[in-house]
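Some notes on the structure that comes next.
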Amino acid sequence: MLVLSILLAVAAGVMFFAARAQSSLRLRLRLGAGAALLGSVLSGIASTVYVVSAYEVGVPVTFGRVGAPMTSGMHLKSPFTDVTPFSTRPVDLNLSDKDVVEVRSSQGGVMYTEVTVKWAVTPGKAAELYRLAGSEEAIQQRLVYPDSREIVRNVFARYTSEQGYASAREEINAEIGTLVKERLAPRGIDITAVNLRNVKPSDSLQKQIDRKIQQKEATERAVEATRTAEEEAKRRKIEAEGIARANEILDDSLTDKVLTNQCIDAYREAAKENPVYAVPCGSGNGTPVIVDGSRRN
């Protein structure tokens with residue numbers, strides 16, 4: 001605007017002096033000179049006013065000197081001052097596709113990680129960010145992008161492969177978010193969220209995972225078979241002990257007198273149908289007799 005104001009002022013001067021030399025076009029040239037002069041004045045005024053949009057902050061620079069940040073609204077400035085705007089809305093940095101982060105676990109396993117870092121400019125530190133980067137695009141490429149990738153690699157290097165792609169993902173996500181915030185907050189960058197969206201093992205690591213799963217399943221089957229065998233052995237032991245105990249009780253209860261009585265009863269039942277040739281019961285020697293159960297005394 002300042003350059004336009006100067007050009008219009010020069011044009012107004014040229015037309016004013018030309019009007020003095022040419023009487024036939026004097027009126028037109030003077031009107032043109034007046035319009036150019038008015039435009040020069042308005043352009044000069046406009047060059048001293050700057051409007052910062054909502055959700056933005058402006059960093060004024062006058063002859064290489066960085067001034068205090070301008071908040072949203074209208075501001076007066078020197079015509080020689082340039083203002084660089086920075087958005088204060090959150091910006092997404094997606095580390096995916098060609099920017100996917102290759103990480104290594106504490107065991108050396110390679111994984112590919114997709115991360116989204118949501119960041120925004122801290123209005124009060126916009127001047128420091130201007131000195132460090134110069135523009136909003138440069139902030140992401142020079143500060144947020146490399147620091148986020150470095151922290152993601154460092155965090156994954158402290159965990160095993162299994163923790164990285166499965167069991168400790170929430171813990172890793174929280175740790176990455178904390179470290180990124182601590183790294184970038186002093187520079188004027190507010191990290192609002194860090195999302196660990198996907199972790200994919202490399203082909204070689206996936207083969208190791210598959211082998212480990214197969215070994216685990218085989219071990220579980222062996223443990224289950226051992227447990228079943230132990231339970232069966234316990235059951236048989238208890239059954240054998242029960243049988244032995246029953247036999248022991250039976251041996252203690254079968255005296256000679258009891259056996260003789262049971263023998264006699266057995267012969268008597270058998271003799272009800274047919275005569276039975278019987279040997280005397282008991283341990284003594286006796287003459288065999290024929291028992292006829294059909295006769296009654």
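Chains: A, B, ... in order of the structure tokens. Residues: from 1 per chain. Ligands: from 1, in order shown.
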If you run DSSP over the backbone, which residues in range 142-208 of chain A end up strand (DSSP E or B)? Put them as a PDB file with all heavy atoms, in the first residue's frame.
```pdb
ATOM      1  N   ILE A 189       4.524 -23.707  20.981  1.00  0.00           N
ATOM      2  CA  ILE A 189       3.630 -24.600  20.248  1.00  0.00           C
ATOM      3  C   ILE A 189       2.826 -25.403  21.263  1.00  0.00           C
ATOM      4  O   ILE A 189       3.393 -26.112  22.087  1.00  0.00           O
ATOM      5  CB  ILE A 189       4.420 -25.550  19.331  1.00  0.00           C
ATOM      6  CG1 ILE A 189       5.243 -24.731  18.331  1.00  0.00           C
ATOM      7  CG2 ILE A 189       3.485 -26.503  18.602  1.00  0.00           C
ATOM      8  CD1 ILE A 189       6.177 -25.562  17.486  1.00  0.00           C
ATOM      9  N   ASP A 190       1.513 -25.294  21.183  1.00  0.00           N
ATOM     10  CA  ASP A 190       0.615 -25.995  22.101  1.00  0.00           C
ATOM     11  C   ASP A 190       0.157 -27.298  21.449  1.00  0.00           C
ATOM     12  O   ASP A 190      -0.498 -27.278  20.400  1.00  0.00           O
ATOM     13  CB  ASP A 190      -0.585 -25.108  22.432  1.00  0.00           C
ATOM     14  CG  ASP A 190      -1.551 -25.793  23.389  1.00  0.00           C
ATOM     15  OD1 ASP A 190      -1.110 -26.663  24.166  1.00  0.00           O
ATOM     16  OD2 ASP A 190      -2.756 -25.447  23.346  1.00  0.00           O
ATOM     17  N   ILE A 191       0.515 -28.432  22.053  1.00  0.00           N
ATOM     18  CA  ILE A 191       0.095 -29.742  21.547  1.00  0.00           C
ATOM     19  C   ILE A 191      -1.224 -30.101  22.221  1.00  0.00           C
ATOM     20  O   ILE A 191      -1.279 -30.325  23.429  1.00  0.00           O
ATOM     21  CB  ILE A 191       1.163 -30.815  21.830  1.00  0.00           C
ATOM     22  CG1 ILE A 191       2.498 -30.414  21.208  1.00  0.00           C
ATOM     23  CG2 ILE A 191       0.700 -32.166  21.300  1.00  0.00           C
ATOM     24  CD1 ILE A 191       2.452 -30.268  19.703  1.00  0.00           C
ATOM     25  N   THR A 192      -2.294 -30.155  21.437  1.00  0.00           N
ATOM     26  CA  THR A 192      -3.618 -30.428  22.000  1.00  0.00           C
ATOM     27  C   THR A 192      -3.954 -31.917  22.032  1.00  0.00           C
ATOM     28  O   THR A 192      -4.754 -32.343  22.859  1.00  0.00           O
ATOM     29  CB  THR A 192      -4.697 -29.687  21.188  1.00  0.00           C
ATOM     30  OG1 THR A 192      -4.621 -30.103  19.815  1.00  0.00           O
ATOM     31  CG2 THR A 192      -4.452 -28.180  21.255  1.00  0.00           C
ATOM     32  N   ALA A 193      -3.349 -32.704  21.145  1.00  0.00           N
ATOM     33  CA  ALA A 193      -3.635 -34.145  21.133  1.00  0.00           C
ATOM     34  C   ALA A 193      -2.586 -34.878  20.318  1.00  0.00           C
ATOM     35  O   ALA A 193      -2.049 -34.338  19.347  1.00  0.00           O
ATOM     36  CB  ALA A 193      -5.024 -34.431  20.567  1.00  0.00           C
ATOM     37  N   VAL A 194      -2.299 -36.111  20.738  1.00  0.00           N
ATOM     38  CA  VAL A 194      -1.430 -37.020  19.984  1.00  0.00           C
ATOM     39  C   VAL A 194      -2.143 -38.361  19.908  1.00  0.00           C
ATOM     40  O   VAL A 194      -2.487 -38.946  20.936  1.00  0.00           O
ATOM     41  CB  VAL A 194      -0.051 -37.186  20.650  1.00  0.00           C
ATOM     42  CG1 VAL A 194       0.771 -38.239  19.909  1.00  0.00           C
ATOM     43  CG2 VAL A 194       0.698 -35.864  20.672  1.00  0.00           C
ATOM     44  N   ASN A 195      -2.380 -38.840  18.694  1.00  0.00           N
ATOM     45  CA  ASN A 195      -3.109 -40.096  18.496  1.00  0.00           C
ATOM     46  C   ASN A 195      -2.224 -41.099  17.769  1.00  0.00           C
ATOM     47  O   ASN A 195      -1.816 -40.863  16.623  1.00  0.00           O
ATOM     48  CB  ASN A 195      -4.386 -39.863  17.685  1.00  0.00           C
ATOM     49  CG  ASN A 195      -5.372 -38.966  18.416  1.00  0.00           C
ATOM     50  OD1 ASN A 195      -5.551 -39.091  19.623  1.00  0.00           O
ATOM     51  ND2 ASN A 195      -6.013 -38.064  17.705  1.00  0.00           N
ATOM     52  N   LEU A 196      -1.946 -42.208  18.451  1.00  0.00           N
ATOM     53  CA  LEU A 196      -1.216 -43.321  17.841  1.00  0.00           C
ATOM     54  C   LEU A 196      -2.249 -44.176  17.114  1.00  0.00           C
ATOM     55  O   LEU A 196      -2.933 -44.996  17.716  1.00  0.00           O
ATOM     56  CB  LEU A 196      -0.487 -44.119  18.923  1.00  0.00           C
ATOM     57  CG  LEU A 196       0.404 -45.269  18.466  1.00  0.00           C
ATOM     58  CD1 LEU A 196       1.527 -44.767  17.582  1.00  0.00           C
ATOM     59  CD2 LEU A 196       0.982 -45.998  19.680  1.00  0.00           C
ATOM     60  N   ARG A 197      -2.377 -43.979  15.798  1.00  0.00           N
ATOM     61  CA  ARG A 197      -3.500 -44.555  15.059  1.00  0.00           C
ATOM     62  C   ARG A 197      -3.275 -45.999  14.632  1.00  0.00           C
ATOM     63  O   ARG A 197      -4.205 -46.791  14.590  1.00  0.00           O
ATOM     64  CB  ARG A 197      -3.808 -43.688  13.836  1.00  0.00           C
ATOM     65  CG  ARG A 197      -4.292 -42.285  14.196  1.00  0.00           C
ATOM     66  CD  ARG A 197      -4.782 -41.523  12.992  1.00  0.00           C
ATOM     67  NE  ARG A 197      -3.672 -41.114  12.145  1.00  0.00           N
ATOM     68  CZ  ARG A 197      -3.447 -41.568  10.930  1.00  0.00           C
ATOM     69  NH1 ARG A 197      -4.236 -42.481  10.415  1.00  0.00           N
ATOM     70  NH2 ARG A 197      -2.433 -41.132  10.209  1.00  0.00           N
ATOM     71  N   ASN A 198      -2.046 -46.346  14.285  1.00  0.00           N
ATOM     72  CA  ASN A 198      -1.816 -47.697  13.782  1.00  0.00           C
ATOM     73  C   ASN A 198      -0.354 -48.078  13.986  1.00  0.00           C
ATOM     74  O   ASN A 198       0.535 -47.236  13.844  1.00  0.00           O
ATOM     75  CB  ASN A 198      -2.175 -47.781  12.294  1.00  0.00           C
ATOM     76  CG  ASN A 198      -2.118 -49.191  11.766  1.00  0.00           C
ATOM     77  OD1 ASN A 198      -2.372 -50.148  12.493  1.00  0.00           O
ATOM     78  ND2 ASN A 198      -1.751 -49.354  10.502  1.00  0.00           N
ATOM     79  N   VAL A 199      -0.129 -49.341  14.327  1.00  0.00           N
ATOM     80  CA  VAL A 199       1.214 -49.891  14.454  1.00  0.00           C
ATOM     81  C   VAL A 199       1.244 -51.201  13.685  1.00  0.00           C
ATOM     82  O   VAL A 199       0.529 -52.144  14.035  1.00  0.00           O
ATOM     83  CB  VAL A 199       1.615 -50.128  15.924  1.00  0.00           C
ATOM     84  CG1 VAL A 199       3.025 -50.707  15.995  1.00  0.00           C
ATOM     85  CG2 VAL A 199       1.549 -48.829  16.711  1.00  0.00           C
ATOM     86  N   LYS A 200       2.060 -51.261  12.643  1.00  0.00           N
ATOM     87  CA  LYS A 200       2.113 -52.445  11.782  1.00  0.00           C
ATOM     88  C   LYS A 200       3.502 -53.062  11.841  1.00  0.00           C
ATOM     89  O   LYS A 200       4.493 -52.391  11.535  1.00  0.00           O
ATOM     90  CB  LYS A 200       1.781 -52.068  10.337  1.00  0.00           C
ATOM     91  CG  LYS A 200       1.816 -53.247   9.381  1.00  0.00           C
ATOM     92  CD  LYS A 200       1.518 -52.804   7.964  1.00  0.00           C
ATOM     93  CE  LYS A 200       1.604 -53.981   7.003  1.00  0.00           C
ATOM     94  NZ  LYS A 200       1.353 -53.551   5.591  1.00  0.00           N
ATOM     95  N   PRO A 201       3.602 -54.327  12.232  1.00  0.00           N
ATOM     96  CA  PRO A 201       4.917 -54.982  12.243  1.00  0.00           C
ATOM     97  C   PRO A 201       5.443 -55.167  10.816  1.00  0.00           C
ATOM     98  O   PRO A 201       4.681 -55.319   9.866  1.00  0.00           O
ATOM     99  CB  PRO A 201       4.636 -56.340  12.907  1.00  0.00           C
ATOM    100  CG  PRO A 201       3.305 -56.182  13.575  1.00  0.00           C
ATOM    101  CD  PRO A 201       2.546 -55.185  12.768  1.00  0.00           C
TER     102      PRO A 201
END
```
Give me the residues within 12 Å of Trp119 in chain A as a ChimeraX atom specification, counting only C-alpha atoms and dropping any in the same chain fewer than 4 places off. /A:87-94,136,139-140,143-145,148,177,180-181,184-185,188-195
Any chance you can output those residues with N, CA and C atoms as an mmCIF file, in the first residue's frame?
```
data_model
loop_
_atom_site.group_PDB
_atom_site.id
_atom_site.type_symbol
_atom_site.label_atom_id
_atom_site.label_comp_id
_atom_site.auth_asym_id
_atom_site.auth_seq_id
_atom_site.Cartn_x
_atom_site.Cartn_y
_atom_site.Cartn_z
ATOM 1 N N SER A 87 -2.133 -18.582 12.246
ATOM 2 C CA SER A 87 -3.420 -19.087 12.721
ATOM 3 C C SER A 87 -3.251 -19.706 14.105
ATOM 4 N N THR A 88 -4.235 -19.462 14.975
ATOM 5 C CA THR A 88 -4.215 -20.071 16.305
ATOM 6 C C THR A 88 -5.141 -21.295 16.377
ATOM 7 N N ARG A 89 -5.742 -21.673 15.257
ATOM 8 C CA ARG A 89 -6.562 -22.884 15.213
ATOM 9 C C ARG A 89 -5.652 -24.122 15.220
ATOM 10 N N PRO A 90 -6.143 -25.233 15.783
ATOM 11 C CA PRO A 90 -5.343 -26.462 15.775
ATOM 12 C C PRO A 90 -5.085 -26.953 14.352
ATOM 13 N N VAL A 91 -3.879 -27.461 14.139
ATOM 14 C CA VAL A 91 -3.466 -27.985 12.837
ATOM 15 C C VAL A 91 -3.073 -29.449 13.019
ATOM 16 N N ASP A 92 -3.479 -30.306 12.084
ATOM 17 C CA ASP A 92 -3.161 -31.733 12.155
ATOM 18 C C ASP A 92 -1.892 -32.030 11.362
ATOM 19 N N LEU A 93 -0.944 -32.669 12.027
ATOM 20 C CA LEU A 93 0.238 -33.209 11.359
ATOM 21 C C LEU A 93 0.059 -34.723 11.300
ATOM 22 N N ASN A 94 -0.147 -35.257 10.112
ATOM 23 C CA ASN A 94 -0.385 -36.688 9.936
ATOM 24 C C ASN A 94 0.905 -37.367 9.475
ATOM 25 N N GLU A 136 3.960 -20.146 9.264
ATOM 26 C CA GLU A 136 3.211 -21.263 9.837
ATOM 27 C C GLU A 136 3.629 -22.587 9.219
ATOM 28 N N ILE A 139 6.906 -23.690 10.669
ATOM 29 C CA ILE A 139 6.800 -24.192 12.051
ATOM 30 C C ILE A 139 6.566 -25.697 12.033
ATOM 31 N N GLN A 140 5.645 -26.138 11.175
ATOM 32 C CA GLN A 140 5.341 -27.567 11.114
ATOM 33 C C GLN A 140 6.518 -28.356 10.564
ATOM 34 N N LEU A 143 9.886 -27.671 13.089
ATOM 35 C CA LEU A 143 9.799 -27.903 14.535
ATOM 36 C C LEU A 143 8.924 -29.106 14.877
ATOM 37 N N VAL A 144 7.643 -29.064 14.506
ATOM 38 C CA VAL A 144 6.718 -30.118 14.924
ATOM 39 C C VAL A 144 7.060 -31.448 14.261
ATOM 40 N N TYR A 145 7.306 -31.433 12.973
ATOM 41 C CA TYR A 145 7.550 -32.672 12.218
ATOM 42 C C TYR A 145 8.789 -33.424 12.708
ATOM 43 N N SER A 148 8.533 -34.572 16.554
ATOM 44 C CA SER A 148 7.545 -35.629 16.783
ATOM 45 C C SER A 148 8.085 -36.983 16.328
ATOM 46 N N GLY A 177 2.685 -38.311 23.833
ATOM 47 C CA GLY A 177 2.005 -37.033 23.985
ATOM 48 C C GLY A 177 2.659 -36.142 25.032
ATOM 49 N N VAL A 180 6.161 -34.882 23.675
ATOM 50 C CA VAL A 180 6.031 -33.884 22.605
ATOM 51 C C VAL A 180 5.600 -32.540 23.182
ATOM 52 N N LYS A 181 4.673 -32.577 24.132
ATOM 53 C CA LYS A 181 4.243 -31.330 24.772
ATOM 54 C C LYS A 181 5.406 -30.659 25.502
ATOM 55 N N LEU A 184 7.867 -29.044 22.865
ATOM 56 C CA LEU A 184 7.446 -27.942 22.003
ATOM 57 C C LEU A 184 6.789 -26.778 22.746
ATOM 58 N N ALA A 185 6.301 -27.004 23.969
ATOM 59 C CA ALA A 185 5.644 -25.919 24.705
ATOM 60 C C ALA A 185 6.559 -24.717 24.930
ATOM 61 N N GLY A 188 6.562 -22.227 22.087
ATOM 62 C CA GLY A 188 5.345 -21.539 21.718
ATOM 63 C C GLY A 188 4.374 -22.377 20.918
ATOM 64 N N ILE A 189 4.524 -23.707 20.981
ATOM 65 C CA ILE A 189 3.630 -24.600 20.248
ATOM 66 C C ILE A 189 2.826 -25.403 21.263
ATOM 67 N N ASP A 190 1.513 -25.294 21.183
ATOM 68 C CA ASP A 190 0.615 -25.995 22.101
ATOM 69 C C ASP A 190 0.157 -27.298 21.449
ATOM 70 N N ILE A 191 0.515 -28.432 22.053
ATOM 71 C CA ILE A 191 0.095 -29.742 21.547
ATOM 72 C C ILE A 191 -1.224 -30.101 22.221
ATOM 73 N N THR A 192 -2.294 -30.155 21.437
ATOM 74 C CA THR A 192 -3.618 -30.428 22.000
ATOM 75 C C THR A 192 -3.954 -31.917 22.032
ATOM 76 N N ALA A 193 -3.349 -32.704 21.145
ATOM 77 C CA ALA A 193 -3.635 -34.145 21.133
ATOM 78 C C ALA A 193 -2.586 -34.878 20.318
ATOM 79 N N VAL A 194 -2.299 -36.111 20.738
ATOM 80 C CA VAL A 194 -1.430 -37.020 19.984
ATOM 81 C C VAL A 194 -2.143 -38.361 19.908
ATOM 82 N N ASN A 195 -2.380 -38.840 18.694
ATOM 83 C CA ASN A 195 -3.109 -40.096 18.496
ATOM 84 C C ASN A 195 -2.224 -41.099 17.769
#
```
Taken to one decimal, the CA of Leu179 in chain A-CA of Ala127 in chain A distance is 23.5 Å
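Rounded to one decimal, CA of Gly73 in chain A and CA of Tyr50 in chain A lie 8.4 Å from each other.
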Show which residues sit within 12 Å of Arg158 in chain A, as a PDB file with N, CA and C atoms, in the first residue's frame. Count only C-alpha atoms, and ignore same-chain residues fewer than 6 positions away.
```
ATOM      1  N   VAL A 103      10.027 -47.463  13.297  1.00  0.00           N
ATOM      2  CA  VAL A 103      10.570 -47.528  14.651  1.00  0.00           C
ATOM      3  C   VAL A 103      11.129 -48.919  14.908  1.00  0.00           C
ATOM      4  N   ARG A 104      11.989 -49.007  15.933  1.00  0.00           N
ATOM      5  CA  ARG A 104      12.557 -50.285  16.362  1.00  0.00           C
ATOM      6  C   ARG A 104      12.285 -50.474  17.851  1.00  0.00           C
ATOM      7  N   SER A 105      11.914 -51.687  18.200  1.00  0.00           N
ATOM      8  CA  SER A 105      11.657 -51.999  19.600  1.00  0.00           C
ATOM      9  C   SER A 105      12.975 -52.246  20.324  1.00  0.00           C
ATOM     10  N   SER A 106      12.885 -52.474  21.636  1.00  0.00           N
ATOM     11  CA  SER A 106      14.071 -52.775  22.427  1.00  0.00           C
ATOM     12  C   SER A 106      14.700 -54.095  22.019  1.00  0.00           C
ATOM     13  N   GLN A 107      13.923 -54.946  21.325  1.00  0.00           N
ATOM     14  CA  GLN A 107      14.424 -56.228  20.846  1.00  0.00           C
ATOM     15  C   GLN A 107      14.942 -56.157  19.418  1.00  0.00           C
ATOM     16  N   GLY A 108      14.836 -54.979  18.801  1.00  0.00           N
ATOM     17  CA  GLY A 108      15.312 -54.816  17.435  1.00  0.00           C
ATOM     18  C   GLY A 108      14.269 -55.032  16.369  1.00  0.00           C
ATOM     19  N   GLY A 109      13.023 -55.354  16.754  1.00  0.00           N
ATOM     20  CA  GLY A 109      11.963 -55.565  15.774  1.00  0.00           C
ATOM     21  C   GLY A 109      11.540 -54.264  15.106  1.00  0.00           C
ATOM     22  N   ILE A 151      10.756 -38.249  18.852  1.00  0.00           N
ATOM     23  CA  ILE A 151      10.198 -38.724  20.121  1.00  0.00           C
ATOM     24  C   ILE A 151       9.495 -40.066  19.930  1.00  0.00           C
ATOM     25  N   VAL A 152       8.767 -40.245  18.839  1.00  0.00           N
ATOM     26  CA  VAL A 152       8.092 -41.523  18.576  1.00  0.00           C
ATOM     27  C   VAL A 152       9.115 -42.654  18.520  1.00  0.00           C
ATOM     28  N   GLY A 164       4.779 -52.925  21.822  1.00  0.00           N
ATOM     29  CA  GLY A 164       4.612 -51.858  20.841  1.00  0.00           C
ATOM     30  C   GLY A 164       3.394 -52.021  19.964  1.00  0.00           C
ATOM     31  N   ALA A 168       0.882 -52.516  25.098  1.00  0.00           N
ATOM     32  CA  ALA A 168       1.204 -51.238  25.763  1.00  0.00           C
ATOM     33  C   ALA A 168       0.970 -50.033  24.861  1.00  0.00           C
ATOM     34  N   GLU A 171      -0.256 -46.882  26.764  1.00  0.00           N
ATOM     35  CA  GLU A 171       0.830 -46.319  27.565  1.00  0.00           C
ATOM     36  C   GLU A 171       1.838 -45.591  26.678  1.00  0.00           C
ATOM     37  N   ILE A 172       2.168 -46.168  25.534  1.00  0.00           N
ATOM     38  CA  ILE A 172       3.099 -45.538  24.599  1.00  0.00           C
ATOM     39  C   ILE A 172       2.512 -44.249  24.061  1.00  0.00           C
ATOM     40  N   GLU A 175       2.776 -41.538  26.677  1.00  0.00           N
ATOM     41  CA  GLU A 175       4.153 -41.096  26.873  1.00  0.00           C
ATOM     42  C   GLU A 175       4.617 -40.209  25.721  1.00  0.00           C
ATOM     43  N   ILE A 176       4.251 -40.575  24.489  1.00  0.00           N
ATOM     44  CA  ILE A 176       4.606 -39.740  23.334  1.00  0.00           C
ATOM     45  C   ILE A 176       3.972 -38.361  23.465  1.00  0.00           C
TER      46      ILE A 176
END
```
Could you give me the residues within range 11-252 of chain A that DSSP places in helix (DSSP H, G or I), as a PyMOL selection string? chain A and resi 11-21+26-46+97-99+123-132+136-156+161-167+169-187+203-252
Ranking A:Glu114, A:Asp203, A:Glu220, A:Glu269 by minimum distance to Arg149 in chain A and counting only C-alpha atoms, which one comes first? A:Glu114
